[in-house]
Amino acid sequence: MKIILLKDIENLGKRWDVKEVKRGYAKNFLLPKGLVQIATSKNMESLEERRELEKKKAEEELKLVQKQASLIDGTEVTIPVKVEEEGTVYGSVTSQMMAEELAKLGFKDIRNSQIVLESPIKELGEFPVIVTFEHNLEAEIKVIVVEEKE
């Protein structure tokens, strides 16, 4: 029986694939769970339409992500921190602090999970930091850690 997958199914295929499966497997398992639909000529036509719509949607999403990455690339973020008498930073600068500062600059969609830090920053200075986006895009920001003024 020819079917169209409506979801990714392990060991069978990805969404919108057309597959040949045994009739019992389709009727007793896949169809009742809403994982597939029978590959009729009408369903095959609508499949092509859905593929085109998803392709256009993915292209638009990619453009938006590229635009956001290019806007944030090269941005400087200044983070004031408390400094002990010896000149060492009290605590550390985390990705959450960077995300909060980016939100103040208008980049509200950046989550701290997108900010790649090998380890928290524990000293004053300038540091390049990578921000990751969907579609394997990255941007680099400059984080400037300064002493907090009282």
# chains A, B, ... in the order shown; residues from 1 in each chain; ligands from 1
$ select_by_dssp --residues "chain A" --states "strand (DSSP E or B)" --output "JSON list (two decimals) with N, CA and C atoms, in the first residue's frame"
[["chain", "number", "residue", "atom", "x", "y", "z"],
["A", 2, "LYS", "N", 0.59, 2.20, -0.85],
["A", 2, "LYS", "CA", 1.36, 3.44, -0.93],
["A", 2, "LYS", "C", 0.77, 4.45, 0.04],
["A", 3, "ILE", "N", 1.67, 5.06, 0.83],
["A", 3, "ILE", "CA", 1.23, 6.03, 1.84],
["A", 3, "ILE", "C", 2.10, 7.29, 1.76],
["A", 4, "ILE", "N", 1.58, 8.36, 2.36],
["A", 4, "ILE", "CA", 2.33, 9.61, 2.51],
["A", 4, "ILE", "C", 2.54, 9.82, 4.01],
["A", 5, "LEU", "N", 3.79, 10.00, 4.42],
["A", 5, "LEU", "CA", 4.08, 10.21, 5.83],
["A", 5, "LEU", "C", 3.71, 11.64, 6.23],
["A", 9, "ILE", "N", 8.94, 9.28, 10.85],
["A", 9, "ILE", "CA", 8.75, 8.00, 11.53],
["A", 9, "ILE", "C", 10.07, 7.24, 11.45],
["A", 13, "GLY", "N", 10.78, 6.80, 7.38],
["A", 13, "GLY", "CA", 11.08, 7.94, 6.53],
["A", 13, "GLY", "C", 10.75, 9.27, 7.18],
["A", 18, "VAL", "N", 6.87, 9.51, 0.31],
["A", 18, "VAL", "CA", 5.88, 8.55, -0.17],
["A", 18, "VAL", "C", 6.55, 7.18, -0.06],
["A", 19, "LYS", "N", 5.90, 6.26, 0.65],
["A", 19, "LYS", "CA", 6.49, 4.95, 0.92],
["A", 19, "LYS", "C", 5.50, 3.85, 0.58],
["A", 20, "GLU", "N", 6.04, 2.67, 0.35],
["A", 20, "GLU", "CA", 5.25, 1.47, 0.14],
["A", 20, "GLU", "C", 5.37, 0.63, 1.41],
["A", 36, "VAL", "N", 0.03, 8.81, 8.80],
["A", 36, "VAL", "CA", 0.10, 8.74, 7.35],
["A", 36, "VAL", "C", -1.27, 8.99, 6.74],
["A", 37, "GLN", "N", -1.26, 9.16, 5.43],
["A", 37, "GLN", "CA", -2.50, 9.14, 4.67],
["A", 37, "GLN", "C", -2.25, 8.32, 3.41],
["A", 38, "ILE", "N", -3.30, 7.77, 2.88],
["A", 38, "ILE", "CA", -3.17, 6.93, 1.69],
["A", 38, "ILE", "C", -2.78, 7.81, 0.50],
["A", 76, "GLU", "N", 28.61, 45.63, 19.99],
["A", 76, "GLU", "CA", 29.39, 45.69, 21.23],
["A", 76, "GLU", "C", 28.42, 45.74, 22.40],
["A", 77, "VAL", "N", 28.67, 44.89, 23.38],
["A", 77, "VAL", "CA", 27.85, 44.82, 24.58],
["A", 77, "VAL", "C", 28.74, 45.12, 25.77],
["A", 78, "THR", "N", 28.37, 46.15, 26.52],
["A", 78, "THR", "CA", 29.15, 46.52, 27.70],
["A", 78, "THR", "C", 28.44, 46.00, 28.94],
["A", 79, "ILE", "N", 29.19, 45.26, 29.74],
["A", 79, "ILE", "CA", 28.60, 44.69, 30.96],
["A", 79, "ILE", "C", 29.40, 45.17, 32.16],
["A", 80, "PRO", "N", 28.77, 45.99, 33.01],
["A", 80, "PRO", "CA", 29.45, 46.43, 34.23],
["A", 80, "PRO", "C", 29.38, 45.35, 35.31],
["A", 81, "VAL", "N", 30.51, 45.14, 35.97],
["A", 81, "VAL", "CA", 30.57, 44.12, 37.03],
["A", 81, "VAL", "C", 31.25, 44.71, 38.27],
["A", 83, "VAL", "N", 33.99, 44.74, 41.12],
["A", 83, "VAL", "CA", 35.40, 44.31, 41.13],
["A", 83, "VAL", "C", 35.90, 44.37, 42.56],
["A", 89, "VAL", "N", 37.33, 40.23, 39.14],
["A", 89, "VAL", "CA", 35.88, 40.35, 39.00],
["A", 89, "VAL", "C", 35.20, 39.54, 40.09],
["A", 93, "VAL", "N", 30.78, 36.79, 34.33],
["A", 93, "VAL", "CA", 29.83, 37.25, 33.32],
["A", 93, "VAL", "C", 29.30, 36.01, 32.61],
["A", 115, "ILE", "N", 23.97, 31.90, 23.00],
["A", 115, "ILE", "CA", 25.27, 32.52, 23.24],
["A", 115, "ILE", "C", 26.26, 31.43, 23.65],
["A", 116, "VAL", "N", 27.33, 31.30, 22.87],
["A", 116, "VAL", "CA", 28.29, 30.23, 23.09],
["A", 116, "VAL", "C", 29.45, 30.75, 23.94],
["A", 121, "ILE", "N", 33.11, 34.42, 31.80],
["A", 121, "ILE", "CA", 34.18, 35.42, 31.78],
["A", 121, "ILE", "C", 34.39, 35.94, 33.20],
["A", 125, "GLY", "N", 37.87, 43.33, 30.44],
["A", 125, "GLY", "CA", 38.46, 43.35, 29.10],
["A", 125, "GLY", "C", 37.42, 43.15, 28.02],
["A", 126, "GLU", "N", 37.92, 42.94, 26.79],
["A", 126, "GLU", "CA", 37.06, 42.72, 25.63],
["A", 126, "GLU", "C", 37.17, 41.27, 25.20],
["A", 127, "PHE", "N", 36.03, 40.66, 24.88],
["A", 127, "PHE", "CA", 36.00, 39.25, 24.52],
["A", 127, "PHE", "C", 35.08, 39.02, 23.33],
["A", 128, "PRO", "N", 35.55, 38.30, 22.31],
["A", 128, "PRO", "CA", 34.66, 37.94, 21.21],
["A", 128, "PRO", "C", 33.79, 36.76, 21.64],
["A", 129, "VAL", "N", 32.50, 36.85, 21.34],
["A", 129, "VAL", "CA", 31.56, 35.80, 21.73],
["A", 129, "VAL", "C", 30.69, 35.46, 20.52],
["A", 130, "ILE", "N", 30.46, 34.18, 20.31],
["A", 130, "ILE", "CA", 29.66, 33.71, 19.18],
["A", 130, "ILE", "C", 28.19, 33.57, 19.60],
["A", 131, "VAL", "N", 27.29, 34.05, 18.73],
["A", 131, "VAL", "CA", 25.85, 33.88, 18.92],
["A", 131, "VAL", "C", 25.38, 32.98, 17.78],
["A", 132, "THR", "N", 24.75, 31.86, 18.12],
["A", 132, "THR", "CA", 24.29, 30.92, 17.09],
["A", 132, "THR", "C", 22.83, 31.15, 16.76],
["A", 133, "PHE", "N", 22.49, 30.81, 15.51],
["A", 133, "PHE", "CA", 21.12, 30.92, 15.03],
["A", 133, "PHE", "C", 20.73, 29.63, 14.33],
["A", 137, "LEU", "N", 23.73, 29.32, 11.28],
["A", 137, "LEU", "CA", 24.29, 30.66, 11.13],
["A", 137, "LEU", "C", 24.86, 31.12, 12.45],
["A", 138, "GLU", "N", 25.92, 31.92, 12.36],
["A", 138, "GLU", "CA", 26.56, 32.45, 13.55],
["A", 138, "GLU", "C", 26.86, 33.93, 13.35],
["A", 139, "ALA", "N", 26.94, 34.65, 14.46],
["A", 139, "ALA", "CA", 27.37, 36.04, 14.45],
["A", 139, "ALA", "C", 28.32, 36.22, 15.63],
["A", 140, "GLU", "N", 29.22, 37.18, 15.50],
["A", 140, "GLU", "CA", 30.16, 37.43, 16.58],
["A", 140, "GLU", "C", 29.88, 38.80, 17.18],
["A", 141, "ILE", "N", 29.77, 38.83, 18.49],
["A", 141, "ILE", "CA", 29.60, 40.10, 19.19],
["A", 141, "ILE", "C", 30.84, 40.34, 20.04],
["A", 142, "LYS", "N", 31.03, 41.58, 20.44],
["A", 142, "LYS", "CA", 32.16, 41.90, 21.32],
["A", 142, "LYS", "C", 31.59, 42.25, 22.69],
["A", 143, "VAL", "N", 32.02, 41.50, 23.69],
["A", 143, "VAL", "CA", 31.56, 41.73, 25.06],
["A", 143, "VAL", "C", 32.67, 42.50, 25.78],
["A", 144, "ILE", "N", 32.31, 43.67, 26.29],
["A", 144, "ILE", "CA", 33.27, 44.51, 27.00],
["A", 144, "ILE", "C", 32.87, 44.49, 28.48],
["A", 145, "VAL", "N", 33.76, 43.93, 29.30],
["A", 145, "VAL", "CA", 33.51, 43.83, 30.74],
["A", 145, "VAL", "C", 34.23, 44.99, 31.40],
["A", 146, "VAL", "N", 33.46, 45.85, 32.08],
["A", 146, "VAL", "CA", 34.04, 47.04, 32.74],
["A", 146, "VAL", "C", 33.66, 47.03, 34.21],
["A", 147, "GLU", "N", 34.40, 47.86, 34.98],
["A", 147, "GLU", "CA", 34.12, 47.98, 36.39],
["A", 147, "GLU", "C", 32.85, 48.80, 36.59]]
$ select_by_dssp --residues "segment 87-144 of chain A" --states "helix (DSSP H, G or I)" --output "PyMOL selection string"
chain A and resi 95-104+112-114+134-136
$ residues_around --residues "Arg15 of chain A" --least-positions-apart "5" --cutoff "7 Å" --atoms "only C-alpha atoms" --output "MDAnalysis selection string"
chainID A and resid 5:8
$ closest_residue --among "A:Glu60, A:Asp17, A:Glu49, A:Asp73" --to "Leu35 of chain A" --atoms "only C-alpha atoms"
A:Asp17
$ atom_distance --atom1 "atom CA of Gly24 of chain A" --atom2 "atom CA of Lys42 of chain A"
22.5 Å
$ atom_distance --atom1 "atom CA of Ser41 of chain A" --atom2 "atom CA of Met1 of chain A"
13.5 Å
$ atom_distance --atom1 "atom CA of His135 of chain A" --atom2 "atom CA of Gln68 of chain A"
12.3 Å
$ closest_residue --among "A:Lys33, A:Lys27, A:Arg111, A:Lys14" --to "Met97 of chain A" --atoms "only C-alpha atoms"
A:Arg111
$ residues_around --residues "Lys82 of chain A" --least-positions-apart "6" --cutoff "10 Å" --atoms "only C-alpha atoms" --output "JSON, numbers by chain"
{"A": [88, 89, 90, 91, 92, 146, 147, 148, 149, 150]}
